[in-house]
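File shown: model-v2.pdb. Contents: PDB, C-alpha atoms and all ligand atoms.
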```pdb
ATOM      1  CA  MET A   1     -12.905  10.495  32.162  1.00  0.00           C
ATOM      2  CA  PRO A   2     -14.787  11.179  28.925  1.00  0.00           C
ATOM      3  CA  GLU A   3     -15.234   8.151  26.720  1.00  0.00           C
ATOM      4  CA  LYS A   4     -14.592   8.305  23.033  1.00  0.00           C
ATOM      5  CA  LYS A   5     -17.586   7.083  21.101  1.00  0.00           C
ATOM      6  CA  ILE A   6     -16.922   4.147  18.790  1.00  0.00           C
ATOM      7  CA  GLN A   7     -17.138   5.247  15.181  1.00  0.00           C
ATOM      8  CA  TYR A   8     -18.004   3.259  12.093  1.00  0.00           C
ATOM      9  CA  VAL A   9     -17.031   3.874   8.484  1.00  0.00           C
ATOM     10  CA  GLY A  10     -19.825   5.603   6.612  1.00  0.00           C
ATOM     11  CA  MET A  11     -22.011   6.116   9.678  1.00  0.00           C
ATOM     12  CA  CYS A  12     -22.853   9.562  11.021  1.00  0.00           C
ATOM     13  CA  PRO A  13     -21.178   9.959  14.448  1.00  0.00           C
ATOM     14  CA  VAL A  14     -24.076  12.152  15.593  1.00  0.00           C
ATOM     15  CA  CYS A  15     -27.252  10.326  14.540  1.00  0.00           C
ATOM     16  CA  GLY A  16     -26.075   6.989  13.090  1.00  0.00           C
ATOM     17  CA  GLU A  17     -27.513   7.494   9.606  1.00  0.00           C
ATOM     18  CA  ALA A  18     -25.470   6.807   6.451  1.00  0.00           C
ATOM     19  CA  LEU A  19     -23.072   9.570   5.506  1.00  0.00           C
ATOM     20  CA  ASN A  20     -23.009  11.272   2.127  1.00  0.00           C
ATOM     21  CA  TYR A  21     -19.558  11.454   0.554  1.00  0.00           C
ATOM     22  CA  GLY A  22     -18.135  14.516  -1.131  1.00  0.00           C
ATOM     23  CA  ASN A  23     -14.686  15.190  -2.497  1.00  0.00           C
ATOM     24  CA  SER A  24     -11.601  13.340  -1.354  1.00  0.00           C
ATOM     25  CA  GLU A  25      -8.308  15.068  -0.695  1.00  0.00           C
ATOM     26  CA  PHE A  26      -4.780  14.058   0.262  1.00  0.00           C
ATOM     27  CA  GLU A  27      -3.226  15.692   3.273  1.00  0.00           C
ATOM     28  CA  ASP A  28       0.297  14.598   4.130  1.00  0.00           C
ATOM     29  CA  ASP A  29       0.171  10.786   4.153  1.00  0.00           C
ATOM     30  CA  GLN A  30      -3.532  10.672   4.852  1.00  0.00           C
ATOM     31  CA  LEU A  31      -6.625  10.924   2.729  1.00  0.00           C
ATOM     32  CA  TYR A  32     -10.000  12.255   3.746  1.00  0.00           C
ATOM     33  CA  TYR A  33     -13.480  12.358   2.312  1.00  0.00           C
ATOM     34  CA  GLU A  34     -15.722  15.289   3.001  1.00  0.00           C
ATOM     35  CA  VAL A  35     -18.795  13.767   4.598  1.00  0.00           C
ATOM     36  CA  SER A  36     -22.169  15.166   5.498  1.00  0.00           C
ATOM     37  CA  CYS A  37     -25.418  13.880   6.930  1.00  0.00           C
ATOM     38  CA  SER A  38     -29.068  14.822   6.590  1.00  0.00           C
ATOM     39  CA  CYS A  39     -29.024  15.738  10.317  1.00  0.00           C
ATOM     40  CA  GLY A  40     -26.693  18.648   9.524  1.00  0.00           C
ATOM     41  CA  PHE A  41     -23.417  17.014  10.518  1.00  0.00           C
ATOM     42  CA  GLU A  42     -20.471  17.911   8.304  1.00  0.00           C
ATOM     43  CA  GLY A  43     -16.951  16.619   8.720  1.00  0.00           C
ATOM     44  CA  LYS A  44     -14.136  14.569   7.293  1.00  0.00           C
ATOM     45  CA  GLU A  45     -13.613  10.820   7.250  1.00  0.00           C
ATOM     46  CA  TRP A  46      -9.890  10.076   7.506  1.00  0.00           C
ATOM     47  CA  TYR A  47      -7.879   7.189   6.104  1.00  0.00           C
ATOM     48  CA  SER A  48      -4.233   6.467   6.699  1.00  0.00           C
ATOM     49  CA  LEU A  49      -2.415   5.172   3.665  1.00  0.00           C
ATOM     50  CA  THR A  50       0.120   2.404   3.446  1.00  0.00           C
ATOM     51  CA  PHE A  51       1.937   1.411   0.295  1.00  0.00           C
ATOM     52  CA  GLY A  52       0.571  -1.721  -1.303  1.00  0.00           C
ATOM     53  CA  GLU A  53       2.031  -2.454  -4.706  1.00  0.00           C
ATOM     54  CA  ILE A  54       2.349  -0.996  -8.175  1.00  0.00           C
ATOM     55  CA  THR A  55       0.272  -2.673 -10.867  1.00  0.00           C
ATOM     56  CA  SER A  56       0.370  -2.080 -14.602  1.00  0.00           C
ATOM     57  CA  ASP A  57      -2.628  -1.110 -16.735  1.00  0.00           C
ATOM     58  CA  GLY A  58      -0.664  -2.022 -19.840  1.00  0.00           C
ATOM     59  CA  GLU A  59       1.926  -4.723 -20.352  1.00  0.00           C
ATOM     60  CA  GLU A  60       2.588  -7.209 -17.611  1.00  0.00           C
ATOM     61  CA  LEU A  61       5.449  -6.219 -15.373  1.00  0.00           C
ATOM     62  CA  PRO A  62       8.548  -8.435 -15.350  1.00  0.00           C
ATOM     63  CA  LEU A  63       8.621 -10.887 -12.489  1.00  0.00           C
ATOM     64  CA  ILE A  64      11.612 -10.202 -10.241  1.00  0.00           C
ATOM     65  CA  TRP A  65      12.887 -12.703  -7.684  1.00  0.00           C
ATOM     66  CA  GLU A  66      14.929 -11.750  -4.680  1.00  0.00           C
ATOM     67  CA  VAL A  67      17.597 -14.372  -4.069  1.00  0.00           C
ATOM     68  CA  THR A  68      20.353 -14.394  -1.487  1.00  0.00           C
ATOM     69  CA  CYS A  69      23.940 -14.703  -2.615  1.00  0.00           C
ATOM     70  CA  PRO A  70      26.294 -16.914  -0.532  1.00  0.00           C
ATOM     71  CA  CYS A  71      27.903 -13.608   0.552  1.00  0.00           C
ATOM     72  CA  ASN A  72      24.517 -12.673   2.087  1.00  0.00           C
ATOM     73  CA  THR A  73      23.725  -9.952  -0.445  1.00  0.00           C
ATOM     74  CA  ILE A  74      20.148  -9.804  -1.777  1.00  0.00           C
ATOM     75  CA  VAL A  75      20.232 -10.009  -5.562  1.00  0.00           C
ATOM     76  CA  GLU A  76      17.248  -9.200  -7.788  1.00  0.00           C
ATOM     77  CA  VAL A  77      16.953 -11.635 -10.685  1.00  0.00           C
ATOM     78  CA  GLU A  78      14.401 -11.309 -13.475  1.00  0.00           C
ATOM     79  CA  ASP A  79      12.275 -14.447 -13.955  1.00  0.00           C
ATOM     80  CA  GLY A  80      14.142 -17.002 -16.048  1.00  0.00           C
ATOM     81  CA  CYS A  81      17.294 -14.889 -16.184  1.00  0.00           C
ATOM     82  CA  ILE A  82      20.716 -14.827 -14.587  1.00  0.00           C
ATOM     83  CA  GLY A  83      21.646 -12.114 -12.125  1.00  0.00           C
ATOM     84  CA  GLU A  84      24.986 -10.992 -10.837  1.00  0.00           C
ATOM     85  CA  CYS A  85      25.743 -10.176  -7.219  1.00  0.00           C
ATOM     86  CA  PRO A  86      26.853  -6.532  -7.075  1.00  0.00           C
ATOM     87  CA  ASN A  87      29.007  -7.354  -4.058  1.00  0.00           C
ATOM     88  CA  CYS A  88      31.039 -10.410  -5.087  1.00  0.00           C
ATOM     89  CA  GLY A  89      30.160 -10.894  -8.754  1.00  0.00           C
ATOM     90  CA  THR A  90      28.715 -14.412  -8.296  1.00  0.00           C
ATOM     91  CA  GLN A  91      26.189 -15.293 -11.007  1.00  0.00           C
ATOM     92  CA  LEU A  92      22.877 -16.597  -9.705  1.00  0.00           C
ATOM     93  CA  ASP A  93      19.784 -17.930 -11.433  1.00  0.00           C
ATOM     94  CA  ASP A  94      16.259 -16.924 -10.429  1.00  0.00           C
ATOM     95  CA  LYS A  95      16.129 -19.712  -7.802  1.00  0.00           C
ATOM     96  CA  GLY A  96      19.317 -18.526  -6.126  1.00  0.00           C
ATOM     97  CA  ASN A  97      21.546 -21.304  -7.525  1.00  0.00           C
ATOM     98  CA  ILE A  98      25.106 -20.423  -8.484  1.00  0.00           C
ATOM     99  CA  VAL A  99      25.630 -20.796 -12.228  1.00  0.00           C
TER
HETATM  100 ZN    ZN A 101     -26.386  12.512  11.169  1.00  0.00          ZN
HETATM  101 ZN    ZN A 102      27.688 -12.039  -3.464  1.00  0.00          ZN
END
```
Output the file's structure in the form of structure tokens.
Ligand SMILES: [Zn+2]
Ligand SMILES: [Zn+2]
Amino acid sequence: MPEKKIQYVGMCPVCGEALNYGNSEFEDDQLYYEVSCSCGFEGKEWYSLTFGEITSDGEELPLIWEVTCPCNTIVEVEDGCIGECPNCGTQLDDKGNIV
């Protein structure tokens, strides 16, 4: 059976030298960099993407807590505020206490 050679990020799979990076492009839910090497190798270095989080470059985002209502519904409550369960109407604070 043929063995797949272990590959390393940024290392040419042919000669082991450092790859040069070109443009990056999205394709479906993956991203690739065009890579090339002084030995003549050209190819693509692929990354799979998973969602991390959304951050703001401007104003700080409001802090939202997820609390569980006694009826087992998850309720989102803004920090320091009171939220209302959309299922049973119970009012909860940001720690999940009934108010
Ligand atoms: Zn190479
Ligand atoms: Zn509820």
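Neighbours of Val35 (chain A) closer than or equal to 8 Å, with only C-alpha atoms counted and sequence neighbours fewer than 6 positions away skipped, come out as Leu19, Asn20, Tyr21, Gly22, Glu42, Gly43, Lys44 and Glu45 of chain A.
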Find the residues near ligand ZN 102 (chain A). Use a cut-off of 6 Å, count only C-alpha atoms and all ligand atoms, and write them as a ChimeraX atom specification. /A:69-71,73,85,87-90
10 Å contact set for Ile74 (chain A), all atoms listed in the file, chain neighbours under 6 positions out, as a PyMOL selection string: chain A and resi 65-68+85-87+96
Distance limit 7 Å, reference ligand ZN 101 (chain A), atoms considered: all atoms listed in the file. Which residues make the cut? Give them as a ChimeraX atom specification. /A:12-17,37-41
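Applied to the shown file, the PyMOL selection byres (((chain A and resi 47) around 12) and not hetatm) selects the residues A:Val9, A:Ser24, A:Glu25, A:Phe26, A:Glu27, A:Asp28, A:Asp29, A:Gln30, A:Leu31, A:Tyr32, A:Tyr33, A:Glu34, A:Lys44, A:Glu45, A:Trp46, A:Ser48, A:Leu49, A:Thr50.
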Draw an axis-aligned box tight on the listed atoms of region 90-96 of chain A, then pad every side by 5 Å and write out centre and edge lengths in Å to one decimal as lines of an AutoDock Vina configuration file.
```
center_x = 22.4
center_y = -17.1
center_z = -8.8
size_x = 22.6
size_y = 15.3
size_z = 15.3
```
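One finds CA of Cys81 (chain A) at 12.3 Å from CA of Ile98 (chain A).
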For Leu63 (chain A), the closest of A:Ala18, A:Met11, A:Leu92, A:Val77 counting all atoms listed in the file is A:Val77
A:Glu53, A:Ser36, A:Pro62, A:Tyr8: which is nearest Asp79 (chain A), counting all atoms listed in the file? A:Pro62
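Of note, CA of Gly80 (chain A) and CA of Gly58 (chain A) are spaced 21.4 Å apart.
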What is the CA of Asp57 (chain A) to CA of Asn23 (chain A) distance in Å? 24.8 Å
As a PDB file, in the frame of the given file, please: region 67-91 of chain A completed to N, CA and C atoms.
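And here's out07.pdb as it stands now:
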```pdb
ATOM      1  N   VAL A  67      16.862 -13.201  -4.531  1.00  0.00           N
ATOM      2  CA  VAL A  67      17.597 -14.372  -4.069  1.00  0.00           C
ATOM      3  C   VAL A  67      18.781 -13.892  -3.233  1.00  0.00           C
ATOM      4  N   THR A  68      19.242 -14.766  -2.361  1.00  0.00           N
ATOM      5  CA  THR A  68      20.353 -14.394  -1.487  1.00  0.00           C
ATOM      6  C   THR A  68      21.639 -15.052  -1.957  1.00  0.00           C
ATOM      7  N   CYS A  69      22.620 -14.234  -2.210  1.00  0.00           N
ATOM      8  CA  CYS A  69      23.940 -14.703  -2.615  1.00  0.00           C
ATOM      9  C   CYS A  69      24.626 -15.368  -1.415  1.00  0.00           C
ATOM     10  N   PRO A  70      25.543 -16.332  -1.655  1.00  0.00           N
ATOM     11  CA  PRO A  70      26.294 -16.914  -0.532  1.00  0.00           C
ATOM     12  C   PRO A  70      26.992 -15.851   0.327  1.00  0.00           C
ATOM     13  N   CYS A  71      27.256 -14.660  -0.243  1.00  0.00           N
ATOM     14  CA  CYS A  71      27.903 -13.608   0.552  1.00  0.00           C
ATOM     15  C   CYS A  71      26.872 -12.797   1.331  1.00  0.00           C
ATOM     16  N   ASN A  72      25.592 -13.287   1.316  1.00  0.00           N
ATOM     17  CA  ASN A  72      24.517 -12.673   2.087  1.00  0.00           C
ATOM     18  C   ASN A  72      23.962 -11.370   1.494  1.00  0.00           C
ATOM     19  N   THR A  73      24.287 -11.113   0.234  1.00  0.00           N
ATOM     20  CA  THR A  73      23.725  -9.952  -0.445  1.00  0.00           C
ATOM     21  C   THR A  73      22.435 -10.371  -1.151  1.00  0.00           C
ATOM     22  N   ILE A  74      21.392  -9.545  -1.046  1.00  0.00           N
ATOM     23  CA  ILE A  74      20.148  -9.804  -1.777  1.00  0.00           C
ATOM     24  C   ILE A  74      20.347  -9.371  -3.234  1.00  0.00           C
ATOM     25  N   VAL A  75      20.073 -10.285  -4.140  1.00  0.00           N
ATOM     26  CA  VAL A  75      20.232 -10.009  -5.562  1.00  0.00           C
ATOM     27  C   VAL A  75      18.868 -10.143  -6.239  1.00  0.00           C
ATOM     28  N   GLU A  76      18.504  -9.135  -7.047  1.00  0.00           N
ATOM     29  CA  GLU A  76      17.248  -9.200  -7.788  1.00  0.00           C
ATOM     30  C   GLU A  76      17.507  -9.830  -9.146  1.00  0.00           C
ATOM     31  N   VAL A  77      16.769 -10.907  -9.429  1.00  0.00           N
ATOM     32  CA  VAL A  77      16.953 -11.635 -10.685  1.00  0.00           C
ATOM     33  C   VAL A  77      15.620 -11.699 -11.416  1.00  0.00           C
ATOM     34  N   GLU A  78      15.615 -11.256 -12.679  1.00  0.00           N
ATOM     35  CA  GLU A  78      14.401 -11.309 -13.475  1.00  0.00           C
ATOM     36  C   GLU A  78      14.044 -12.772 -13.749  1.00  0.00           C
ATOM     37  N   ASP A  79      12.753 -13.076 -13.783  1.00  0.00           N
ATOM     38  CA  ASP A  79      12.275 -14.447 -13.955  1.00  0.00           C
ATOM     39  C   ASP A  79      12.917 -15.111 -15.172  1.00  0.00           C
ATOM     40  N   GLY A  80      13.537 -16.254 -14.955  1.00  0.00           N
ATOM     41  CA  GLY A  80      14.142 -17.002 -16.048  1.00  0.00           C
ATOM     42  C   GLY A  80      15.494 -16.477 -16.484  1.00  0.00           C
ATOM     43  N   CYS A  81      16.026 -15.498 -15.783  1.00  0.00           N
ATOM     44  CA  CYS A  81      17.294 -14.889 -16.184  1.00  0.00           C
ATOM     45  C   CYS A  81      18.394 -15.184 -15.163  1.00  0.00           C
ATOM     46  N   ILE A  82      19.571 -14.702 -15.485  1.00  0.00           N
ATOM     47  CA  ILE A  82      20.716 -14.827 -14.587  1.00  0.00           C
ATOM     48  C   ILE A  82      21.028 -13.439 -14.032  1.00  0.00           C
ATOM     49  N   GLY A  83      21.270 -13.377 -12.739  1.00  0.00           N
ATOM     50  CA  GLY A  83      21.646 -12.114 -12.125  1.00  0.00           C
ATOM     51  C   GLY A  83      23.053 -12.190 -11.579  1.00  0.00           C
ATOM     52  N   GLU A  84      23.629 -11.026 -11.363  1.00  0.00           N
ATOM     53  CA  GLU A  84      24.986 -10.992 -10.837  1.00  0.00           C
ATOM     54  C   GLU A  84      24.992 -10.243  -9.518  1.00  0.00           C
ATOM     55  N   CYS A  85      25.648 -10.831  -8.524  1.00  0.00           N
ATOM     56  CA  CYS A  85      25.743 -10.176  -7.219  1.00  0.00           C
ATOM     57  C   CYS A  85      26.604  -8.914  -7.341  1.00  0.00           C
ATOM     58  N   PRO A  86      26.064  -7.767  -6.956  1.00  0.00           N
ATOM     59  CA  PRO A  86      26.853  -6.532  -7.075  1.00  0.00           C
ATOM     60  C   PRO A  86      28.009  -6.490  -6.079  1.00  0.00           C
ATOM     61  N   ASN A  87      27.968  -7.365  -5.088  1.00  0.00           N
ATOM     62  CA  ASN A  87      29.007  -7.354  -4.058  1.00  0.00           C
ATOM     63  C   ASN A  87      30.201  -8.213  -4.443  1.00  0.00           C
ATOM     64  N   CYS A  88      29.925  -9.491  -4.841  1.00  0.00           N
ATOM     65  CA  CYS A  88      31.039 -10.410  -5.087  1.00  0.00           C
ATOM     66  C   CYS A  88      31.101 -10.894  -6.527  1.00  0.00           C
ATOM     67  N   GLY A  89      30.104 -10.541  -7.347  1.00  0.00           N
ATOM     68  CA  GLY A  89      30.160 -10.894  -8.754  1.00  0.00           C
ATOM     69  C   GLY A  89      29.682 -12.299  -9.068  1.00  0.00           C
ATOM     70  N   THR A  90      29.235 -13.066  -8.049  1.00  0.00           N
ATOM     71  CA  THR A  90      28.715 -14.412  -8.296  1.00  0.00           C
ATOM     72  C   THR A  90      27.467 -14.335  -9.176  1.00  0.00           C
ATOM     73  N   GLN A  91      27.361 -15.260 -10.138  1.00  0.00           N
ATOM     74  CA  GLN A  91      26.189 -15.293 -11.007  1.00  0.00           C
ATOM     75  C   GLN A  91      25.174 -16.269 -10.429  1.00  0.00           C
TER      76      GLN A  91
END
```
